[in-house]
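What's in upload.pdb: PDB, C-alpha atoms
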ATOM      1  CA  ASN A  10      92.925  93.439  89.582
ATOM      2  CA  ILE A  11      96.485  93.452  90.915
ATOM      3  CA  GLY A  12      99.227  95.165  88.905
ATOM      4  CA  GLY A  13     102.358  93.386  87.799
ATOM      5  CA  GLY A  14     104.124  93.789  91.135
ATOM      6  CA  TRP A  15     101.492  94.164  93.880
ATOM      7  CA  VAL A  16     101.630  91.220  96.278
ATOM      8  CA  ASN A  17      99.919  90.088  99.478
ATOM      9  CA  SER A  18     102.631  90.631 102.096
ATOM     10  CA  VAL A  19     103.289  90.843 105.827
ATOM     11  CA  ALA A  20     103.276  94.502 106.860
ATOM     12  CA  PRO A  21     106.530  95.921 108.306
ATOM     13  CA  HIS A  22     107.226  96.722 111.961
ATOM     14  CA  GLN A  23     104.826  94.179 113.433
ATOM     15  CA  GLU A  24     105.239  92.598 116.859
ATOM     16  CA  LEU A  25     104.662  89.054 115.672
ATOM     17  CA  CYS A  26     102.987  86.403 117.771
ATOM     18  CA  ASP A  27     104.654  83.020 117.946
ATOM     19  CA  ALA A  28     103.935  80.002 120.106
ATOM     20  CA  LYS A  29     106.676  80.862 122.578
ATOM     21  CA  SER A  30     105.430  84.389 123.217
ATOM     22  CA  PHE A  31     101.730  83.522 123.219
ATOM     23  CA  PHE A  32     102.000  80.742 125.774
ATOM     24  CA  ASP A  33     103.612  83.070 128.273
ATOM     25  CA  SER A  34     104.083  81.281 131.594
ATOM     26  CA  ARG A  35     103.236  84.543 133.395
ATOM     27  CA  CYS A  36      99.631  84.081 132.248
ATOM     28  CA  TYR A  37      99.397  80.637 133.795
ATOM     29  CA  VAL A  38     100.579  81.110 137.357
ATOM     30  CA  PRO A  39      98.119  78.921 139.370
ATOM     31  CA  ARG A  40      97.102  81.606 141.805
ATOM     32  CA  ARG A  41      96.217  83.917 138.901
ATOM     33  CA  LYS A  42      94.188  81.341 137.004
ATOM     34  CA  ALA A  43      90.811  82.753 135.948
ATOM     35  CA  SER A  44      91.719  86.026 137.662
ATOM     36  CA  GLU A  45      91.436  89.500 136.163
ATOM     37  CA  GLY A  46      95.229  89.617 135.870
ATOM     38  CA  CYS A  47      95.271  86.442 133.782
ATOM     39  CA  VAL A  48      92.544  87.775 131.485
ATOM     40  CA  ARG A  49      94.480  91.001 130.881
ATOM     41  CA  CYS A  50      97.663  89.082 130.204
ATOM     42  CA  MET A  51      95.989  86.859 127.626
ATOM     43  CA  GLN A  52      94.119  89.801 126.102
ATOM     44  CA  HIS A  53      97.394  91.570 125.300
ATOM     45  CA  LEU A  54      98.879  88.446 123.757
ATOM     46  CA  SER A  55      95.778  87.847 121.646
ATOM     47  CA  HIS A  56      96.372  91.208 119.928
ATOM     48  CA  LEU A  57      99.760  90.184 118.550
ATOM     49  CA  ASP A  58      98.372  89.161 115.194
ATOM     50  CA  GLN A  59     100.367  89.199 111.978
ATOM     51  CA  LYS A  60      98.965  92.055 109.924
ATOM     52  CA  ARG A  61      99.054  91.688 106.146
ATOM     53  CA  ALA A  62      98.503  94.122 103.298
ATOM     54  CA  PHE A  63      98.803  94.499  99.552
ATOM     55  CA  ARG A  64     102.314  95.781  98.854
ATOM     56  CA  GLY A  65     103.245  97.787  95.762
ATOM     57  CA  TRP A  66     106.196  99.923  94.653
ATOM     58  CA  ARG A  67     107.263 102.173  91.783
ATOM     59  CA  GLY A  68     106.883 100.211  88.583
ATOM     60  CA  ALA A  69     104.510  97.670  90.159
ATOM     61  CA  GLY A  70     101.574  98.958  88.153
ATOM     62  CA  GLU A  71      98.150  99.768  89.541
ATOM     63  CA  LEU A  72      96.159  98.147  92.310
ATOM     64  CA  SER A  73      92.667  98.301  90.803
ATOM     65  CA  VAL A  74      89.497  97.734  92.832
ATOM     66  CA  GLN A  75      85.847  97.796  91.835
ATOM     67  CA  LEU A  76      83.888  99.889  94.352
ATOM     68  CA  ALA A  77      80.198  99.282  94.977
ATOM     69  CA  PHE A  78      78.234 102.089  96.656
ATOM     70  CA  LYS A  79      74.981 101.329  98.456
ATOM     71  CA  ALA A  80      71.796 102.920  97.153
ATOM     72  CA  SER A  81      71.658 104.866 100.430
ATOM     73  CA  SER A  82      75.209 106.228 100.065
ATOM     74  CA  SER A  83      75.305 109.982 100.576
ATOM     75  CA  LYS A  84      78.899 110.645 101.584
ATOM     76  CA  CYS A  85      80.340 109.005  98.456
ATOM     77  CA  SER A  86      83.655 108.680 100.251
ATOM     78  CA  VAL A  87      86.306 105.960 100.187
ATOM     79  CA  TRP A  88      88.909 105.365 102.892
ATOM     80  CA  VAL A  89      92.153 103.697 101.797
ATOM     81  CA  CYS A  90      94.320 102.785 104.798
ATOM     82  CA  GLU A  91      97.613 101.187 105.715
ATOM     83  CA  PRO A  92      98.086  98.839 108.696
ATOM     84  CA  PRO A  93      99.247 100.271 112.047
ATOM     85  CA  TYR A  94     102.913 100.036 112.985
ATOM     86  CA  GLU A  95     104.758  98.936 116.098
ATOM     87  CA  TRP A  96     106.040 102.329 117.258
ATOM     88  CA  SER A  97     107.564 104.315 114.335
ATOM     89  CA  LYS A  98     106.626 104.142 110.651
ATOM     90  CA  PRO A  99     109.570 102.956 108.497
ATOM     91  CA  ASP A 100     110.884 105.704 106.212
ATOM     92  CA  LEU A 101     110.751 103.363 103.207
ATOM     93  CA  VAL A 102     106.973 102.948 103.551
ATOM     94  CA  ALA A 103     105.049 105.223 101.191
ATOM     95  CA  ASN A 104     103.607 108.406 102.661
ATOM     96  CA  PHE A 105      99.979 108.970 101.733
ATOM     97  CA  ALA A 106     100.563 112.712 101.259
ATOM     98  CA  THR A 107     103.395 112.470  98.735
ATOM     99  CA  ASP A 108     103.867 108.966  97.326
ATOM    100  CA  LEU A 109     100.526 107.664  96.017
ATOM    101  CA  LYS A 110      98.363 108.472  92.994
ATOM    102  CA  PHE A 111      94.634 107.760  92.958
ATOM    103  CA  THR A 112      92.191 107.704  90.062
ATOM    104  CA  VAL A 113      88.454 106.991  90.057
ATOM    105  CA  ASP A 114      87.083 105.770  86.727
ATOM    106  CA  GLY A 115      90.235 107.141  85.134
ATOM    107  CA  LEU A 116      89.893 110.637  86.666
ATOM    108  CA  PRO A 117      92.691 111.893  88.969
ATOM    109  CA  CYS A 118      91.652 112.255  92.614
ATOM    110  CA  THR A 119      94.038 114.783  94.181
ATOM    111  CA  ARG A 120      94.242 117.415  96.866
ATOM    112  CA  SER A 121      94.240 120.148  94.220
ATOM    113  CA  ASN A 122      90.770 119.174  92.964
ATOM    114  CA  LYS A 123      89.559 118.667  96.559
ATOM    115  CA  CYS A 124      88.905 114.982  95.927
ATOM    116  CA  TYR A 125      91.635 113.745  98.278
ATOM    117  CA  ARG A 126      92.882 114.360 101.796
ATOM    118  CA  VAL A 127      95.031 112.484 104.312
ATOM    119  CA  GLU A 128      93.791 111.476 107.749
ATOM    120  CA  GLN A 129      96.377 110.401 110.294
ATOM    121  CA  VAL A 130      95.729 108.586 113.577
ATOM    122  CA  GLY A 131      98.972 108.056 115.442
ATOM    123  CA  TYR A 132     101.398 106.807 112.806
ATOM    124  CA  LYS A 133      98.725 105.158 110.662
ATOM    125  CA  GLN A 134      97.661 107.038 107.540
ATOM    126  CA  CYS A 135      94.475 106.838 105.481
ATOM    127  CA  GLY A 136      93.698 108.499 102.190
ATOM    128  CA  VAL A 137      90.121 109.777 102.047
ATOM    129  CA  LEU A 138      88.560 110.186  98.595
ATOM    130  CA  ASP A 139      85.398 112.233  98.007
ATOM    131  CA  VAL A 140      84.182 111.041  94.618
ATOM    132  CA  ARG A 141      81.402 113.669  94.574
ATOM    133  CA  THR A 142      84.009 116.220  93.534
ATOM    134  CA  LEU A 143      84.416 114.261  90.293
ATOM    135  CA  ASP A 144      80.691 114.661  89.512
ATOM    136  CA  HIS A 145      80.206 110.981  90.234
ATOM    137  CA  LYS A 146      76.636 109.987  91.092
ATOM    138  CA  CYS A 147      77.673 107.280  93.478
ATOM    139  CA  ALA A 148      74.432 106.089  95.115
ATOM    140  CA  GLY A 149      73.731 102.561  93.929
ATOM    141  CA  LYS A 150      76.558 102.772  91.403
ATOM    142  CA  THR A 151      79.992 101.237  90.959
ATOM    143  CA  ALA A 152      83.351 102.888  90.297
ATOM    144  CA  ARG A 153      86.868 101.710  89.516
ATOM    145  CA  LEU A 154      89.530 102.851  91.989
ATOM    146  CA  SER A 155      93.171 102.611  90.900
ATOM    147  CA  ILE A 156      96.179 103.160  93.180
ATOM    148  CA  GLU A 157      99.734 103.649  91.947
ATOM    149  CA  VAL A 158     102.977 104.176  93.882
ATOM    150  CA  ALA A 159     104.785 107.319  92.685
ATOM    151  CA  PRO A 160     107.243 108.411  95.402
ATOM    152  CA  ALA A 161     108.327 112.052  95.680
ATOM    153  CA  PRO A 162     112.121 112.407  95.307
ATOM    154  CA  HIS A 163     112.456 114.644  98.388
ATOM    155  CA  VAL A 164     110.602 115.091 101.673
ATOM    156  CA  PRO A 165     108.443 118.257 101.549
ATOM    157  CA  GLU A 166     109.691 121.589 102.877
ATOM    158  CA  THR A 167     107.189 121.447 105.744
ATOM    159  CA  ALA A 168     108.247 117.978 106.953
ATOM    160  CA  CYS A 169     111.180 119.047 109.177
ATOM    161  CA  ARG A 170     110.686 120.940 112.431
ATOM    162  CA  TYR A 171     112.934 121.729 115.396
ATOM    163  CA  ASP A 172     112.078 120.020 118.690
ATOM    164  CA  GLU A 173     113.156 122.236 121.603
ATOM    165  CA  GLY A 174     112.874 119.412 124.116
ATOM    166  CA  GLU A 175     115.059 116.985 122.179
ATOM    167  CA  ARG A 176     117.201 119.717 120.567
ATOM    168  CA  ARG A 177     117.072 118.129 117.159
ATOM    169  CA  CYS A 178     115.000 117.938 113.999
ATOM    170  CA  ARG A 179     111.860 115.848 114.031
ATOM    171  CA  PHE A 180     109.362 115.063 111.313
ATOM    172  CA  GLY A 181     106.054 116.896 111.472
ATOM    173  CA  GLY A 182     102.878 117.129 109.439
ATOM    174  CA  ALA A 183     102.146 114.093 107.284
ATOM    175  CA  PHE A 184     105.620 112.696 108.092
ATOM    176  CA  GLN A 185     105.097 112.785 111.868
ATOM    177  CA  GLY A 186     106.069 109.494 113.466
ATOM    178  CA  THR A 187     108.219 108.411 110.501
ATOM    179  CA  GLU A 188     111.796 107.278 111.003
ATOM    180  CA  GLY A 189     114.738 108.962 109.262
ATOM    181  CA  GLU A 190     114.850 112.577 110.440
ATOM    182  CA  GLU A 191     118.648 112.381 110.616
ATOM    183  CA  LYS A 192     118.785 111.275 106.962
ATOM    184  CA  TYR A 193     116.473 113.899 105.520
ATOM    185  CA  CYS A 194     116.530 116.933 107.854
ATOM    186  CA  LYS A 195     119.252 119.298 109.015
ATOM    187  CA  VAL A 196     119.312 122.100 111.563
ATOM    188  CA  SER A 197     120.764 125.589 111.106
ATOM    189  CA  ALA A 198     122.618 127.691 113.670
ATOM    190  CA  ASN A 199     119.415 129.538 114.578
ATOM    191  CA  LYS A 200     117.569 126.303 115.329
ATOM    192  CA  LYS A 201     115.636 126.094 112.087
ATOM    193  CA  CYS A 202     115.113 122.738 110.429
ATOM    194  CA  PHE A 203     114.832 122.202 106.711
ATOM    195  CA  PRO A 204     115.110 119.225 104.353
ATOM    196  CA  LYS A 205     118.448 118.078 103.012
ATOM    197  CA  LYS A 206     118.853 117.803  99.251
ATOM    198  CA  ARG A 207     119.190 114.066  99.663
ATOM    199  CA  ILE A 208     117.116 112.044  97.195
ATOM    200  CA  ARG A 209     114.946 109.355  98.732
ATOM    201  CA  ASP A 210     115.488 105.694  97.800
ATOM    202  CA  LEU A 211     112.662 105.744  95.260
ATOM    203  CA  ASP A 212     112.974 102.125  94.142
ATOM    204  CA  GLU A 213     112.932 100.903  97.759
ATOM    205  CA  ILE A 214     109.756 102.728  98.837
ATOM    206  CA  SER A 215     106.696 100.473  99.132
ATOM    207  CA  ALA A 216     103.044 101.135  99.862
ATOM    208  CA  PHE A 217     101.020  98.820 102.092
ATOM    209  CA  ILE A 218      97.238  98.867 101.636
ATOM    210  CA  SER A 219      95.269  96.887 104.219
ATOM    211  CA  GLU A 220      91.797  98.458 104.092
ATOM    212  CA  ILE A 221      89.504 100.002 101.483
ATOM    213  CA  ILE A 222      86.248 101.162 103.043
ATOM    214  CA  VAL A 223      83.324 102.479 100.985
ATOM    215  CA  MET A 224      80.957 104.867 102.756
TER     216      MET A 224
END
Now, as a test, write the supplied structure out as C-alpha cells.
Amino acid sequence: NIGGGWVNSVAPHQELCDAKSFFDSRCYVPRRKASEGCVRCMQHLSHLDQKRAFRGWRGAGELSVQLAFKASSSKCSVWVCEPPYEWSKPDLVANFATDLKFTVDGLPCTRSNKCYRVEQVGYKQCGVLDVRTLDHKCAGKTARLSIEVAPAPHVPETACRYDEGERRCRFGGAFQGTEGEEKYCKVSANKKCFPKKRIRDLDEISAFISEIIVM
C-alpha cells in the first residue's frame, strides 16, 4: 500500500541517457568498429539508465509492504535501499540514520532496540532490519513493513568534521558524501567543526526507496 503522498518518481542526481548522448559518434568511428575500445564506449553509455524510486516526504503517510520470508530464511533480515547518486547525495534527500521510521507488524524497528542499522556504500545508504530482535518467527511467515519519513530538525553533533587537507568542514559518519556542509557546519578558531543551529528544510526533505530485499 502507498501512503497518501508516496509516488513513483525519477531519483535525483542521475546522469540521464538520451538519444543524443547514447548514440555518441565516438563509439562509431569506422576503425574502432567491433574493437575493444568500441565495446567499452558502448558499455559506459548502456549504464546511463534512468533510476526510479518510491518518493515520500513528511506528511506523505506510510509506504507499507507485505514481506514474505522463505521457509529456509535464517537471517530474518530486510534491506531497504535508496538508488545510487551521480557524485554527491543531495542534502534534501532523507538520511537513513536520522530521517526514517520503520515498523514491522506495528512494532518500532530502531537502533535502540538493535533491530535497525545503516549500511553505507559510497554515498548510497541502506537500512538493515533484523526482525529477529522483535521476537518474530520469520521462516515461512509474512510481515508488514511500514516506512515513514520523519526528518530530524538538525544534523547530528557527530556529522561535522574538520578536513585538514581542504581546510574546511566536511560531513562525516552517516552524512558522508552529502552536500550542504557550508549550510549546516561551522568551524571554530581551533579547527573544530560543529553543527550550526540552523533548522533543516523539513517539508522539502524526501526519501527515495528503490529496493526492498528480504533475506
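Candidate residues A:Arg209, A:Asp100, A:Asp172, A:Pro92 were compared for distance to Ile221 (chain A), and the nearest is A:Pro92, using all atoms listed in the file.
Proximity of A:Lys60, A:Arg153, A:Lys133, A:Lys146 to Cys118 (chain A), computed with all atoms listed in the file, is greatest for A:Arg153.
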**Request:** For Trp15 (chain A), please output as number ranges by chain all residues within 8 Å (counting only C-alpha atoms; exclusion window: fewer than 3 positions along the same chain).
**Result:** A: 11-12, 63-66, 69-72
Saved selection, atoms kept: C-alpha atoms, as a CSV table (one decimal), in the coordinates of the input:
chain,number,residue,atom,x,y,z
A,11,ILE,CA,96.5,93.5,90.9
A,12,GLY,CA,99.2,95.2,88.9
A,63,PHE,CA,98.8,94.5,99.6
A,64,ARG,CA,102.3,95.8,98.9
A,65,GLY,CA,103.2,97.8,95.8
A,66,TRP,CA,106.2,99.9,94.7
A,69,ALA,CA,104.5,97.7,90.2
A,70,GLY,CA,101.6,99.0,88.2
A,71,GLU,CA,98.2,99.8,89.5
A,72,LEU,CA,96.2,98.1,92.3
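One distance worth recording is that between CA of Ser97 (chain A) and CA of Phe217 (chain A), which is 14.9 Å.
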**Asked** What is the CA of Glu175 (chain A)-CA of Tyr94 (chain A) distance in Å, reported with one decimal?
**Response**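 CA of Tyr94 (chain A) lies 22.8 Å from CA of Glu175 (chain A).
The gap separating CA of Tyr125 (chain A) from CA of Asp210 (chain A) is 25.2 Å, in Å to one decimal.
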**Message:** the PyMOL selection byres ((chain A and resi 196-208) around 8) - which residues does that actually catch in the file I just gave you? List them as an NGL selection string.
**Reply:** :A and (162-171 or 177-178 or 192-195 or 209-211)
**Asked** Smallest atom-to-atom distance to Gly14 (chain A): which of A:Glu220, A:Thr142, A:Ser215, A:Glu188, using all atoms listed in the file?
**Response**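 Of A:Glu220, A:Thr142, A:Ser215, A:Glu188, the one nearest Gly14 (chain A) is A:Ser215, counting all atoms listed in the file.
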**Request:** Determine the residue set returned by the PyMOL selection byres ((chain A and resi 140) around 9) for the present structure, and present it as an MDAnalysis selection string.
**Result:** chainID A and resid 84:87 113 118 124:125 138:139 141:147
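In terms of minimum interatomic distance to Gly182 (chain A), A:Asn104 ranks closest within A:Ser155, A:Asn104, A:Thr119, A:Thr112, counting all atoms listed in the file.
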**Asked** Which residues match the PyMOL selection byres ((chain A and resi 130) around 12) in the file above, as number ranges by chain?
**Response** A: 90-94, 127-129, 131-136, 182-183, 185-186
Coordinates of box centre and edge lengths for region 134-147 of chain A, 3 Å on every side, axis-aligned, as AutoDock Vina command-line options:
--center_x 87.1 --center_y 111.5 --center_z 98.5 --size_x 27.0 --size_y 15.4 --size_z 24.0
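For the choices A:Lys110, A:Arg120, A:Arg176, A:Lys98, the atom-to-atom distance to Gly189 (chain A) is smallest for A:Lys98 when using all atoms listed in the file.
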**Request:** Using all atoms listed in the file, pick whichever of A:Ala216, A:Val223, A:Val102, A:Leu76 has the shortest atom-to-atom distance to Leu154 (chain A).
**Result:** A:Leu76
